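Heads up, coords02.cif below (mmCIF, C-alpha atoms):
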```
data_work
loop_
_atom_site.label_atom_id
_atom_site.label_comp_id
_atom_site.auth_asym_id
_atom_site.auth_seq_id
_atom_site.Cartn_x
_atom_site.Cartn_y
_atom_site.Cartn_z
CA MET N 24 111.87 151.57 65.49
CA ASN N 25 109.91 154.75 66.10
CA SER N 26 112.82 156.32 67.86
CA PRO N 27 114.01 159.69 66.71
CA ILE N 28 117.39 158.98 65.20
CA GLN N 29 120.32 160.44 67.02
CA PRO N 30 121.08 163.83 65.47
CA PRO N 31 124.39 164.15 63.65
CA ASP N 32 125.31 167.01 65.96
CA PRO N 33 123.78 166.22 69.35
CA LEU N 34 124.04 169.06 71.84
CA ASP N 35 126.81 168.17 74.25
CA PRO N 36 127.34 170.27 77.39
CA ASP N 37 131.12 169.80 77.25
CA LYS N 38 131.35 170.90 73.61
CA ILE N 39 129.22 173.96 74.32
CA LYS N 40 131.43 174.87 77.27
CA GLN N 41 134.61 174.47 75.26
CA ASN N 42 136.21 177.92 74.94
CA LEU N 43 132.99 179.53 76.17
CA LYS N 44 134.03 182.82 77.74
CA THR N 45 130.93 183.44 79.86
CA LYS N 46 131.33 183.98 83.59
CA ARG N 47 127.76 184.10 84.82
CA ILE N 48 125.76 182.13 82.24
CA ALA N 49 126.24 178.40 81.67
CA GLY N 50 128.24 177.51 84.78
CA LYS N 51 126.08 174.43 84.52
CA ILE N 52 124.45 173.14 81.33
CA LEU N 53 121.87 170.35 81.32
CA VAL N 54 120.85 168.66 78.08
CA TYR N 55 117.60 166.69 77.97
CA SER N 56 116.76 164.27 75.19
CA ARG N 57 113.08 165.10 75.46
CA THR N 58 111.03 166.97 77.99
CA ALA N 59 107.73 168.78 78.35
CA SER N 60 109.34 172.22 78.60
CA THR N 61 112.84 173.43 79.41
CA ASN N 62 111.31 176.37 81.28
CA ASP N 63 109.61 173.88 83.65
CA ILE N 64 112.94 172.23 84.43
CA ALA N 65 114.62 175.59 84.98
CA ALA N 66 111.72 176.43 87.34
CA GLU N 67 112.64 173.40 89.46
CA TYR N 68 116.25 174.61 89.66
CA ALA N 69 114.99 178.09 90.52
CA LYS N 70 114.31 176.80 94.04
CA ASN N 71 118.00 177.26 94.81
CA ILE N 72 119.38 180.78 94.42
CA LYS N 73 122.82 179.30 93.71
CA ASN N 74 121.61 178.05 90.34
CA ASP N 75 121.87 181.53 88.78
CA GLY N 76 123.05 181.15 85.18
CA LEU N 77 121.94 177.53 84.80
CA VAL N 78 121.15 176.56 81.22
CA VAL N 79 118.67 173.85 80.28
CA LEU N 80 118.63 172.55 76.71
CA ALA N 81 116.42 169.92 75.12
CA GLU N 82 116.57 168.13 71.81
CA GLN N 83 112.79 168.02 71.82
CA GLN N 84 109.95 169.59 73.73
CA THR N 85 106.60 167.90 73.98
CA LYS N 86 104.80 170.88 75.46
CA GLY N 87 106.93 173.73 74.26
CA ARG N 88 104.89 176.87 74.19
CA GLY N 89 105.05 180.48 73.28
CA ARG N 90 103.11 183.26 74.90
CA ALA N 91 99.40 182.64 75.29
CA ALA N 92 100.09 178.93 74.89
CA ASN N 93 101.02 179.17 71.22
CA LYS N 94 102.61 175.87 70.32
CA TRP N 95 106.23 176.09 69.27
CA GLN N 96 107.23 173.76 66.44
CA SER N 97 109.93 171.43 67.70
CA ASN N 98 110.93 168.14 66.14
CA HIS N 99 113.83 166.19 67.51
CA ALA N 100 117.13 168.07 67.27
CA ASP N 101 115.80 170.60 64.78
CA SER N 102 115.90 173.53 67.15
CA ILE N 103 117.79 175.10 69.96
CA LEU N 104 115.40 174.93 72.90
CA CYS N 105 117.06 176.76 75.71
CA SER N 106 116.09 178.09 79.11
CA ILE N 107 118.38 180.34 81.09
CA LEU N 108 117.75 180.71 84.79
CA LEU N 109 118.47 183.98 86.57
CA THR N 110 118.04 184.03 90.33
CA ASN N 111 119.93 187.24 90.83
CA CYS N 112 118.58 189.71 88.30
CA GLU N 113 117.30 193.16 89.16
CA LEU N 114 115.99 194.02 85.73
CA ASP N 115 112.28 194.63 85.18
CA ALA N 116 110.46 192.03 83.16
CA GLU N 117 110.05 194.53 80.28
CA MET N 118 113.74 195.33 80.23
CA LEU N 119 114.64 191.66 80.48
CA SER N 120 112.38 190.96 77.54
CA LEU N 121 114.10 193.64 75.40
CA THR N 122 117.51 192.40 76.47
CA ALA N 123 116.71 188.77 75.63
CA ALA N 124 115.36 189.80 72.23
CA VAL N 125 118.46 191.84 71.35
CA ALA N 126 120.76 189.05 72.57
CA THR N 127 118.92 186.36 70.61
CA ALA N 128 118.77 188.40 67.40
CA GLU N 129 122.50 189.15 67.65
CA ALA N 130 123.31 185.47 68.15
CA ILE N 131 121.34 184.39 65.09
CA ASP N 132 122.51 186.77 62.36
CA ASP N 133 123.19 190.40 61.54
CA SER N 134 120.06 190.37 59.42
CA ALA N 135 117.78 189.17 62.27
CA ARG N 136 115.13 191.65 63.35
CA ILE N 137 112.91 191.98 66.43
CA LYS N 138 109.16 192.01 66.32
CA TRP N 139 108.09 193.19 69.72
CA PRO N 140 107.53 191.68 72.14
CA ASN N 141 109.05 188.29 71.65
CA ASP N 142 109.58 187.28 68.04
CA ILE N 143 112.87 187.25 66.17
CA LEU N 144 112.52 187.42 62.40
CA LEU N 145 114.70 186.46 59.47
CA ASN N 146 113.48 187.63 56.09
CA ASN N 147 110.32 188.83 57.82
CA LYS N 148 109.44 185.35 59.09
CA LYS N 149 109.67 184.08 62.64
CA VAL N 150 112.89 182.19 63.32
CA ALA N 151 112.92 182.38 67.10
CA GLY N 152 110.64 183.07 70.02
CA ILE N 153 111.23 184.11 73.59
CA LEU N 154 109.13 183.25 76.61
CA LEU N 155 109.94 184.95 79.89
CA GLU N 156 108.65 183.54 83.14
CA SER N 157 109.10 184.78 86.69
CA LYS N 158 108.88 182.76 89.86
CA PRO N 159 108.70 184.64 93.14
CA PHE N 160 110.37 183.14 96.21
CA PRO N 161 110.43 184.68 99.70
CA GLN N 162 114.02 185.94 99.36
CA TYR N 163 114.26 186.52 95.62
CA THR N 164 112.47 186.40 92.30
CA ALA N 165 113.76 183.99 89.71
CA HIS N 166 113.48 184.82 86.02
CA ILE N 167 113.58 182.20 83.31
CA ILE N 168 114.38 183.21 79.74
CA GLY N 169 113.05 180.54 77.41
CA ILE N 170 114.42 180.80 73.88
CA GLY N 171 113.45 178.62 70.94
CA ILE N 172 115.40 178.97 67.69
CA ASN N 173 114.44 177.15 64.49
CA CYS N 174 117.69 175.78 63.13
CA ARG N 175 117.61 172.64 61.03
CA GLN N 176 114.02 172.65 59.78
CA THR N 177 113.89 172.39 56.00
CA SER N 178 110.15 172.98 55.73
CA PHE N 179 107.14 173.93 57.80
CA PRO N 180 103.51 172.85 57.72
CA LEU N 181 101.58 174.67 55.02
CA GLU N 182 99.81 177.00 57.44
CA LEU N 183 103.18 178.21 58.74
CA THR N 184 105.24 178.53 55.56
CA ASP N 185 104.47 182.23 55.20
CA ILE N 186 105.21 183.11 58.81
CA ALA N 187 107.92 180.71 60.03
CA THR N 188 111.44 179.98 58.90
CA SER N 189 114.66 178.39 60.08
CA ILE N 190 118.31 179.32 59.94
CA ASP N 191 118.93 176.50 57.44
CA ILE N 192 116.13 177.67 55.16
CA GLU N 193 117.41 181.24 55.11
CA SER N 194 121.11 180.41 54.80
CA LYS N 195 120.56 177.47 52.44
CA ALA N 196 123.16 175.56 54.45
CA ALA N 197 123.33 173.29 57.47
CA CYS N 198 123.91 175.34 60.59
CA ASP N 199 125.95 174.25 63.60
CA ARG N 200 123.66 174.23 66.63
CA THR N 201 126.57 173.99 69.05
CA ALA N 202 128.17 177.11 67.62
CA ILE N 203 124.86 179.00 67.68
CA THR N 204 124.22 177.93 71.28
CA LYS N 205 127.64 179.26 72.26
CA ARG N 206 126.93 182.54 70.51
CA LEU N 207 123.53 182.73 72.20
CA LEU N 208 124.89 182.20 75.71
CA THR N 209 127.72 184.66 75.13
CA SER N 210 125.31 187.21 73.72
CA VAL N 211 122.83 186.84 76.59
CA GLU N 212 125.59 187.38 79.12
CA TYR N 213 126.92 190.42 77.25
CA TRP N 214 123.53 192.11 76.92
CA LEU N 215 122.41 191.28 80.47
CA ASP N 216 125.56 192.93 81.72
CA MET N 217 124.95 195.88 79.41
CA ALA N 218 121.34 196.22 80.60
CA THR N 219 122.39 196.52 84.24
CA ARG N 220 125.07 199.10 83.44
CA ASN N 221 123.64 201.05 80.54
CA THR N 222 119.93 200.59 79.80
CA ARG N 223 120.11 203.18 77.04
CA GLN N 224 122.51 201.06 74.96
CA VAL N 225 120.11 198.11 74.98
CA ILE N 226 117.18 200.29 74.00
CA GLU N 227 119.11 201.93 71.19
CA HIS N 228 120.14 198.56 69.88
CA TRP N 229 116.58 197.28 70.15
CA GLN N 230 115.43 200.30 68.15
CA LYS N 231 117.94 199.51 65.41
CA LEU N 232 116.61 195.96 65.14
CA SER N 233 112.92 196.67 65.58
CA THR N 234 110.61 196.02 62.65
CA GLN N 235 107.92 198.16 64.24
CA LEU N 236 109.60 201.40 65.25
CA HIS N 237 108.29 204.29 63.11
CA HIS N 238 105.72 201.99 61.55
CA ARG N 239 102.00 201.59 62.03
CA VAL N 240 101.17 198.85 64.49
CA THR N 241 97.88 197.27 65.40
CA LEU N 242 97.89 195.42 68.68
CA ILE N 243 95.48 193.74 71.00
CA TYR N 244 95.50 194.79 74.61
CA ASN N 245 93.00 193.37 77.07
CA GLY N 246 90.90 192.10 74.18
CA LYS N 247 90.73 195.51 72.47
CA ASN N 248 92.43 196.55 69.23
CA PHE N 249 94.66 199.63 69.20
CA THR N 250 96.25 201.11 66.08
CA GLY N 251 98.90 203.76 65.99
CA HIS N 252 102.38 204.82 65.07
CA CYS N 253 105.16 203.13 67.07
CA ILE N 254 107.34 205.90 68.49
CA GLY N 255 109.52 203.95 70.87
CA ILE N 256 109.94 201.51 73.71
CA ASP N 257 110.06 202.08 77.44
CA PRO N 258 112.16 199.77 79.64
CA GLN N 259 109.40 199.62 82.26
CA LYS N 260 106.15 200.26 80.46
CA GLY N 261 106.63 198.58 77.09
CA LEU N 262 105.83 199.66 73.54
CA ILE N 263 104.87 203.32 72.97
CA LEU N 264 102.20 204.05 70.38
CA GLN N 265 100.99 207.40 69.13
CA LEU N 266 97.39 206.32 68.71
CA ASP N 267 95.22 207.51 65.83
CA SER N 268 93.09 209.27 68.45
CA GLY N 269 96.10 211.47 69.20
CA ALA N 270 96.89 210.00 72.61
CA THR N 271 100.22 208.38 73.46
CA ARG N 272 99.96 205.05 75.23
CA PHE N 273 102.24 202.39 76.67
CA PHE N 274 101.57 198.72 76.16
CA GLY N 275 103.20 196.17 78.48
CA ALA N 276 104.43 192.96 76.86
CA ALA N 277 102.66 190.63 79.24
CA HIS N 278 99.15 191.64 78.19
CA THR N 279 99.71 192.61 74.59
CA SER N 280 99.78 190.71 71.35
CA ILE N 281 100.48 192.09 67.90
CA ALA N 282 97.67 191.96 65.37
CA LYS N 283 99.62 193.54 62.53
CA MET J 5 104.43 141.58 58.15
CA ALA J 6 104.18 137.92 57.13
CA GLN J 7 107.65 137.41 58.59
CA LYS J 8 106.58 139.06 61.85
CA ASN J 9 103.44 136.91 62.13
CA ASN J 10 105.57 133.90 61.50
CA ASP J 11 107.95 134.92 64.28
CA VAL J 12 105.13 135.47 66.72
CA LYS J 13 103.74 132.06 65.83
CA LYS J 14 107.14 130.47 66.46
CA ILE J 15 107.43 132.17 69.84
CA LYS J 16 103.97 131.00 70.83
CA GLU J 17 104.92 127.46 69.89
CA LEU J 18 108.09 127.71 71.96
CA ILE J 19 106.17 129.05 74.97
CA ALA J 20 103.80 126.10 74.67
CA ILE J 21 106.74 123.69 74.61
CA MET J 22 108.23 125.42 77.67
CA LYS J 23 104.98 125.11 79.60
CA GLU J 24 104.42 121.54 78.53
CA ASN J 25 107.85 120.48 79.69
CA ASN J 26 108.01 122.87 82.66
CA LEU J 27 111.12 124.55 81.24
CA VAL J 28 112.37 127.78 82.80
CA GLU J 29 114.35 129.00 79.81
CA ILE J 30 114.99 128.05 76.26
CA GLU J 31 117.54 129.23 73.72
CA ILE J 32 117.55 128.43 70.02
CA LYS J 33 120.15 129.49 67.49
CA HIS J 34 119.70 129.24 63.76
CA GLY J 35 122.41 130.92 61.73
CA ASP J 36 122.42 134.59 62.74
CA ASP J 37 118.97 134.32 64.30
CA LYS J 38 118.76 133.70 67.99
CA ILE J 39 115.84 133.44 70.36
CA PHE J 40 116.06 133.29 74.13
CA LEU J 41 112.98 132.94 76.32
CA LYS J 42 112.83 132.88 80.09
CA ARG J 43 109.68 132.38 82.16
CA SER J 44 108.73 134.86 84.89
CA ASP J 45 106.55 132.33 86.76
CA GLY J 46 109.25 129.69 86.90
CA PRO J 47 111.09 128.56 90.02
CA ALA J 48 114.07 130.90 89.49
CA PRO J 49 113.76 133.90 91.85
CA LYS J 50 114.76 136.53 89.27
CA ALA J 51 113.12 134.86 86.30
CA GLN J 52 112.08 137.16 83.49
CA ILE J 53 111.16 137.10 79.87
CA ALA J 54 113.96 138.67 77.94
CA ALA J 55 113.40 139.75 74.41
CA VAL J 56 116.29 139.66 71.99
CA PRO J 57 116.33 140.92 68.47
CA MET J 58 115.60 137.97 66.28
CA MET J 59 114.35 137.16 62.84
CA GLY J 60 113.62 140.78 62.10
CA ALA J 61 111.01 141.09 64.82
CA ALA J 62 111.66 142.58 68.22
CA ILE J 63 109.16 141.46 70.83
CA PRO J 64 108.52 144.02 73.57
CA PRO J 65 108.69 142.75 77.13
CA THR J 66 105.30 141.77 78.50
CA GLY J 67 103.43 144.59 80.13
CA ALA J 68 105.26 147.26 78.18
CA ALA J 69 102.31 149.19 76.89
CA GLY J 70 103.61 151.22 73.98
CA ALA J 71 107.11 151.23 75.39
CA GLU J 72 108.72 154.50 74.48
CA VAL J 73 112.08 154.36 72.84
CA GLN J 74 114.61 156.70 74.34
CA PRO J 75 117.56 157.94 72.38
CA THR J 76 121.02 157.60 73.82
CA ALA J 77 123.93 159.90 73.27
CA SER J 78 125.97 157.05 71.83
CA GLY J 79 123.48 156.36 69.08
CA GLY J 80 121.39 153.27 68.68
CA GLU J 81 118.20 152.77 70.56
CA VAL J 82 117.00 151.11 73.69
CA GLN J 83 113.69 149.85 74.85
CA GLN J 84 112.21 150.76 78.16
CA GLY J 85 110.62 147.83 79.85
CA SER J 86 108.03 147.29 82.50
CA GLU J 87 106.98 143.79 83.40
CA GLN J 88 105.20 141.88 86.12
CA ASP J 89 107.08 140.33 88.99
CA GLY J 90 105.80 137.30 90.89
CA LYS J 91 103.51 139.37 93.18
CA GLY J 92 101.52 140.99 90.44
CA LEU J 93 103.60 144.15 90.65
CA VAL J 94 104.85 145.71 87.44
CA GLU J 95 108.52 146.56 87.36
CA ILE J 96 109.72 149.78 85.77
CA LYS J 97 113.18 149.08 84.44
CA SER J 98 115.99 151.30 83.30
CA PRO J 99 116.09 151.47 79.51
CA ILE J 100 119.72 152.59 79.56
CA VAL J 101 122.91 152.47 81.58
CA GLY J 102 123.30 155.66 83.56
CA THR J 103 122.77 157.53 86.79
CA PHE J 104 119.37 157.46 88.46
CA TYR J 105 117.88 160.70 89.74
CA ALA J 106 114.62 160.62 91.69
CA THR J 107 114.09 164.39 91.63
CA PRO J 108 113.82 166.96 88.82
CA SER J 109 116.49 169.07 90.54
CA PRO J 110 118.59 168.51 93.67
CA ASP J 111 116.29 170.90 95.57
CA SER J 112 113.02 169.46 94.32
CA ASP J 113 110.71 166.85 95.76
CA VAL J 114 110.92 163.38 94.28
CA TYR J 115 108.95 162.71 91.10
CA VAL J 116 107.15 159.80 92.77
CA GLU J 117 107.20 157.94 96.08
CA VAL J 118 105.45 154.89 97.48
CA GLY J 119 101.74 155.52 97.13
CA SER J 120 102.05 157.95 94.19
CA GLU J 121 99.53 157.37 91.44
CA VAL J 122 101.08 157.15 87.99
CA THR J 123 99.81 156.98 84.44
CA PRO J 124 101.82 155.59 81.52
CA THR J 125 103.04 159.10 80.71
CA THR J 126 104.02 160.12 84.25
CA VAL J 127 107.72 160.96 84.49
CA VAL J 128 109.06 158.85 87.37
CA CYS J 129 112.76 159.66 87.31
CA ILE J 130 115.72 160.82 85.24
CA ILE J 131 118.51 158.61 83.99
CA GLU J 132 121.57 160.60 83.02
CA ALA J 133 123.52 158.81 80.32
CA MET J 134 126.36 160.13 78.17
CA LYS J 135 125.75 163.68 79.47
CA VAL J 136 122.10 163.59 78.40
CA MET J 137 119.21 163.66 80.83
CA ASN J 138 116.51 161.15 79.91
CA GLU J 139 113.14 161.48 81.59
CA ILE J 140 111.75 158.02 82.20
CA LYS J 141 108.01 157.48 82.00
CA ALA J 142 106.07 154.87 83.97
CA GLU J 143 104.69 153.20 80.81
CA VAL J 144 102.07 151.67 83.10
CA GLY J 145 99.18 153.04 85.15
CA GLY J 146 98.89 152.27 88.86
CA THR J 147 100.34 153.04 92.26
CA ILE J 148 104.05 153.05 93.13
CA ALA J 149 104.53 150.10 95.49
CA GLU J 150 108.28 150.22 95.88
CA VAL J 151 111.12 152.56 94.96
CA VAL J 152 113.98 150.19 94.26
CA ALA J 153 116.74 152.47 92.99
CA GLU J 154 118.45 155.10 95.13
CA ASN J 155 118.98 158.70 94.13
CA GLY J 156 122.36 159.15 92.47
CA GLN J 157 122.86 155.42 92.01
CA ALA J 158 124.48 154.00 88.87
CA VAL J 159 121.99 151.73 87.18
CA GLU J 160 122.35 149.08 84.52
CA TYR J 161 120.25 148.40 81.46
CA GLY J 162 117.16 146.51 82.58
CA GLN J 163 117.71 147.20 86.29
CA VAL J 164 114.46 147.52 88.26
CA LEU J 165 113.85 151.13 89.33
CA PHE J 166 110.30 150.98 90.67
CA LYS J 167 107.55 148.45 91.30
CA VAL J 168 104.02 149.49 90.46
CA LYS J 169 100.72 148.01 91.58
CA PRO J 170 98.84 148.14 88.30
CA GLU J 171 95.36 149.66 88.07
#
```

Now, as a test, write the supplied structure out as structure tokens.
Amino acid sequence: MNSPIQPPDPLDPDKIKQNLKTKRIAGKILVYSRTASTNDIAAEYAKNIKNDGLVVLAEQQTKGRGRAANKWQSNHADSILCSILLTNCELDAEMLSLTAAVATAEAIDDSARIKWPNDILLNNKKVAGILLESKPFPQYTAHIIGIGINCRQTSFPLELTDIATSIDIESKAACDRTAITKRLLTSVEYWLDMATRNTRQVIEHWQKLSTQLHHRVTLIYNGKNFTGHCIGIDPQKGLILQLDSGATRFFGAAHTSIAK
Amino acid sequence: MAQKNNDVKKIKELIAIMKENNLVEIEIKHGDDKIFLKRSDGPAPKAQIAAVPMMGAAIPPTGAAGAEVQPTASGGEVQQGSEQDGKGLVEIKSPIVGTFYATPSPDSDVYVEVGSEVTPTTVVCIIEAMKVMNEIKAEVGGTIAEVVAENGQAVEYGQVLFKVKPE
């Protein structure tokens, strides 16, 4: 009847775990057929510190959201909607954001680029988004990395065609969501480990993939527009702009959105 | 559409015959078509109206307001049902075979307990089937009167999970 038909390649926790080499991430994988938000489910599991590395996947999200409540397009089994729970992570939110972006871009394709703070682009269009959430508990702070990757979409609503894309659209082929999920989890583990050992490496890699570094950027911070030349990124303070006024300023991801 | 109207008409006629003759259940086979009706207000203690696919028209169980269809990992589709028991309570039934979980995570509070107010879209539990977690919605508005299933229990298709006092 009105049921979404079963996808030809449903996400299966056992298939994802097959030959997966991760140690920390994906000790446990939960797949939901449909849920409001995978980040919300991960937040429930965040109540137990032992759930570090838990992965929540959903074939469909009914209230999937990006930053500032931007709605993320997700039809049944078109995307990879993934939340990774970290209950034992000492990275700053800014650093975690950079790390997640680098890891996601790497998992998608060599040609994927990062538009700070949380967009991953293919062919200059958004293919993936990242939403970081933190939940403080008395003994620890849990971080949830929510990642949405457009995979099987063959078209987008008219208002999005210029700004959104999918892996299938760009590759002109049908991608394997299981394989991409495995790459994503492996990549997140690799870059998280790198970030705790060698912050510099992550930043250098981010700089290689950034669409904004050395370019003019206009952003909105606390409701005000700022325009300047992007000269770098700071693992604690965020994007660094050499403003037209001559001053150098940092912009933290949590309160900033990109205008141009 | 004409076929569907025809089917509904036939079912209504059958229900009238059942009432008239005080029948509890009736089953009619005609070629590949089959219809089976069972009355919930009859003398049988577990009486229910069961809908079977027939003549191209599937009739949702009574009380299932816009029953949501949940996918299963094995393909095919199932219907979630909620229907009235003899005491005016609406039963929320499992739409699939699987494992019943009353909480969103092992360390979380239960989704609902006796006295919880629910709307048709309130998630009341999870049924894990074929390695997929399926959030089950109340499909009815009211107050939880009874939690029938136990956390971690294996449940069958159509097994009563909750009873709801409707609004």

Separation of atom CA of N:Ser56 from atom CA of N:Tyr68, in Å and rounded to one decimal: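 We find that atom CA of N:Ser56 and atom CA of N:Tyr68 lie 17.8 Å from each other.
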
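Nearest residue to J:Val127 among J:Ala158, J:Ile96, J:Val164, J:Ala153 is J:Ile96, counting only C-alpha atoms.
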
Residue among J:Lys91, J:Gly119, J:Glu154, J:Pro124 lying closest to J:Thr107, counting all atoms listed in the file: J:Glu154

Distance in Å - atom CA of N:Tyr163 versus atom CA of N:Val78: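 Interatomic distance here is 18.8 Å.
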
Can you turn the PyMOL selection byres ((chain J and resi 140) around 8) into a concrete residue list for this file, as a PDB file with C-alpha atoms, keeping the file's coordinate frame?
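Dumped to result-v7.pdb:
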```pdb
ATOM      1  CA  VAL J 127     107.720 160.960  84.490  1.00  0.00           C
ATOM      2  CA  VAL J 128     109.060 158.850  87.370  1.00  0.00           C
ATOM      3  CA  CYS J 129     112.760 159.660  87.310  1.00  0.00           C
ATOM      4  CA  ILE J 130     115.720 160.820  85.240  1.00  0.00           C
ATOM      5  CA  ILE J 131     118.510 158.610  83.990  1.00  0.00           C
ATOM      6  CA  ASN J 138     116.510 161.150  79.910  1.00  0.00           C
ATOM      7  CA  GLU J 139     113.140 161.480  81.590  1.00  0.00           C
ATOM      8  CA  LYS J 141     108.010 157.480  82.000  1.00  0.00           C
ATOM      9  CA  ALA J 142     106.070 154.870  83.970  1.00  0.00           C
TER      10      ALA J 142
END
```

Nearest candidate to N:Asp101 (options N:Pro140, N:Gly171, N:Gly275, N:Gly152; using all atoms listed in the file):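 Distance minimum relative to N:Asp101 lands on N:Gly171.
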
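Nearest residue to chain N, choosing from J:Lys135, J:Thr147, J:Val94, J:Val159 and counting all atoms listed in the file: J:Lys135.
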
Picked residues, the PyMOL selection byres ((chain N and resi 259) around 10), as an MDAnalysis selection string: chainID N and resid 114:119 256:258 260:262 273:276

Exercise: stretch 244-246 of chain N partners within 9 Å, all atoms listed in the file, chain neighbours under 3 positions left out, as an MDAnalysis selection string: chainID N and resid 249 274:275 278:281

Missing atoms in stretch 149-155 of chain N: can you complete it with all heavy atoms, as a PDB file, in the frame of the given file?
```pdb
ATOM      1  N   LYS N 149     109.204 184.373  61.272  1.00  0.00           N
ATOM      2  CA  LYS N 149     109.670 184.080  62.640  1.00  0.00           C
ATOM      3  C   LYS N 149     110.689 182.937  62.636  1.00  0.00           C
ATOM      4  O   LYS N 149     110.420 181.848  62.146  1.00  0.00           O
ATOM      5  CB  LYS N 149     108.467 183.695  63.507  1.00  0.00           C
ATOM      6  CG  LYS N 149     108.839 183.398  64.947  1.00  0.00           C
ATOM      7  CD  LYS N 149     107.612 183.362  65.835  1.00  0.00           C
ATOM      8  CE  LYS N 149     107.962 182.891  67.226  1.00  0.00           C
ATOM      9  NZ  LYS N 149     106.850 182.994  68.168  1.00  0.00           N
ATOM     10  N   VAL N 150     111.847 183.203  63.213  1.00  0.00           N
ATOM     11  CA  VAL N 150     112.890 182.190  63.320  1.00  0.00           C
ATOM     12  C   VAL N 150     113.116 181.793  64.784  1.00  0.00           C
ATOM     13  O   VAL N 150     113.623 180.713  65.072  1.00  0.00           O
ATOM     14  CB  VAL N 150     114.210 182.650  62.654  1.00  0.00           C
ATOM     15  CG1 VAL N 150     114.852 183.786  63.459  1.00  0.00           C
ATOM     16  CG2 VAL N 150     115.177 181.506  62.479  1.00  0.00           C
ATOM     17  N   ALA N 151     112.714 182.681  65.680  1.00  0.00           N
ATOM     18  CA  ALA N 151     112.920 182.380  67.100  1.00  0.00           C
ATOM     19  C   ALA N 151     111.857 183.070  67.935  1.00  0.00           C
ATOM     20  O   ALA N 151     111.269 184.073  67.518  1.00  0.00           O
ATOM     21  CB  ALA N 151     114.309 182.834  67.543  1.00  0.00           C
ATOM     22  N   GLY N 152     111.604 182.494  69.090  1.00  0.00           N
ATOM     23  CA  GLY N 152     110.640 183.070  70.020  1.00  0.00           C
ATOM     24  C   GLY N 152     111.213 183.060  71.427  1.00  0.00           C
ATOM     25  O   GLY N 152     112.083 182.244  71.754  1.00  0.00           O
ATOM     26  N   ILE N 153     110.733 183.982  72.219  1.00  0.00           N
ATOM     27  CA  ILE N 153     111.230 184.110  73.590  1.00  0.00           C
ATOM     28  C   ILE N 153     110.048 184.068  74.542  1.00  0.00           C
ATOM     29  O   ILE N 153     109.016 184.697  74.289  1.00  0.00           O
ATOM     30  CB  ILE N 153     112.010 185.434  73.755  1.00  0.00           C
ATOM     31  CG1 ILE N 153     113.244 185.428  72.847  1.00  0.00           C
ATOM     32  CG2 ILE N 153     112.426 185.652  75.213  1.00  0.00           C
ATOM     33  CD1 ILE N 153     113.825 186.791  72.608  1.00  0.00           C
ATOM     34  N   LEU N 154     110.184 183.294  75.601  1.00  0.00           N
ATOM     35  CA  LEU N 154     109.130 183.250  76.610  1.00  0.00           C
ATOM     36  C   LEU N 154     109.756 183.491  77.986  1.00  0.00           C
ATOM     37  O   LEU N 154     110.555 182.690  78.464  1.00  0.00           O
ATOM     38  CB  LEU N 154     108.423 181.892  76.605  1.00  0.00           C
ATOM     39  CG  LEU N 154     107.326 181.732  77.649  1.00  0.00           C
ATOM     40  CD1 LEU N 154     106.137 182.619  77.332  1.00  0.00           C
ATOM     41  CD2 LEU N 154     106.879 180.279  77.757  1.00  0.00           C
ATOM     42  N   LEU N 155     109.406 184.619  78.577  1.00  0.00           N
ATOM     43  CA  LEU N 155     109.940 184.950  79.890  1.00  0.00           C
ATOM     44  C   LEU N 155     108.973 184.514  80.971  1.00  0.00           C
ATOM     45  O   LEU N 155     107.767 184.727  80.864  1.00  0.00           O
ATOM     46  CB  LEU N 155     110.097 186.466  80.022  1.00  0.00           C
ATOM     47  CG  LEU N 155     111.341 187.120  79.467  1.00  0.00           C
ATOM     48  CD1 LEU N 155     111.313 188.598  79.804  1.00  0.00           C
ATOM     49  CD2 LEU N 155     112.596 186.492  80.039  1.00  0.00           C
TER      50      LEU N 155
END
```
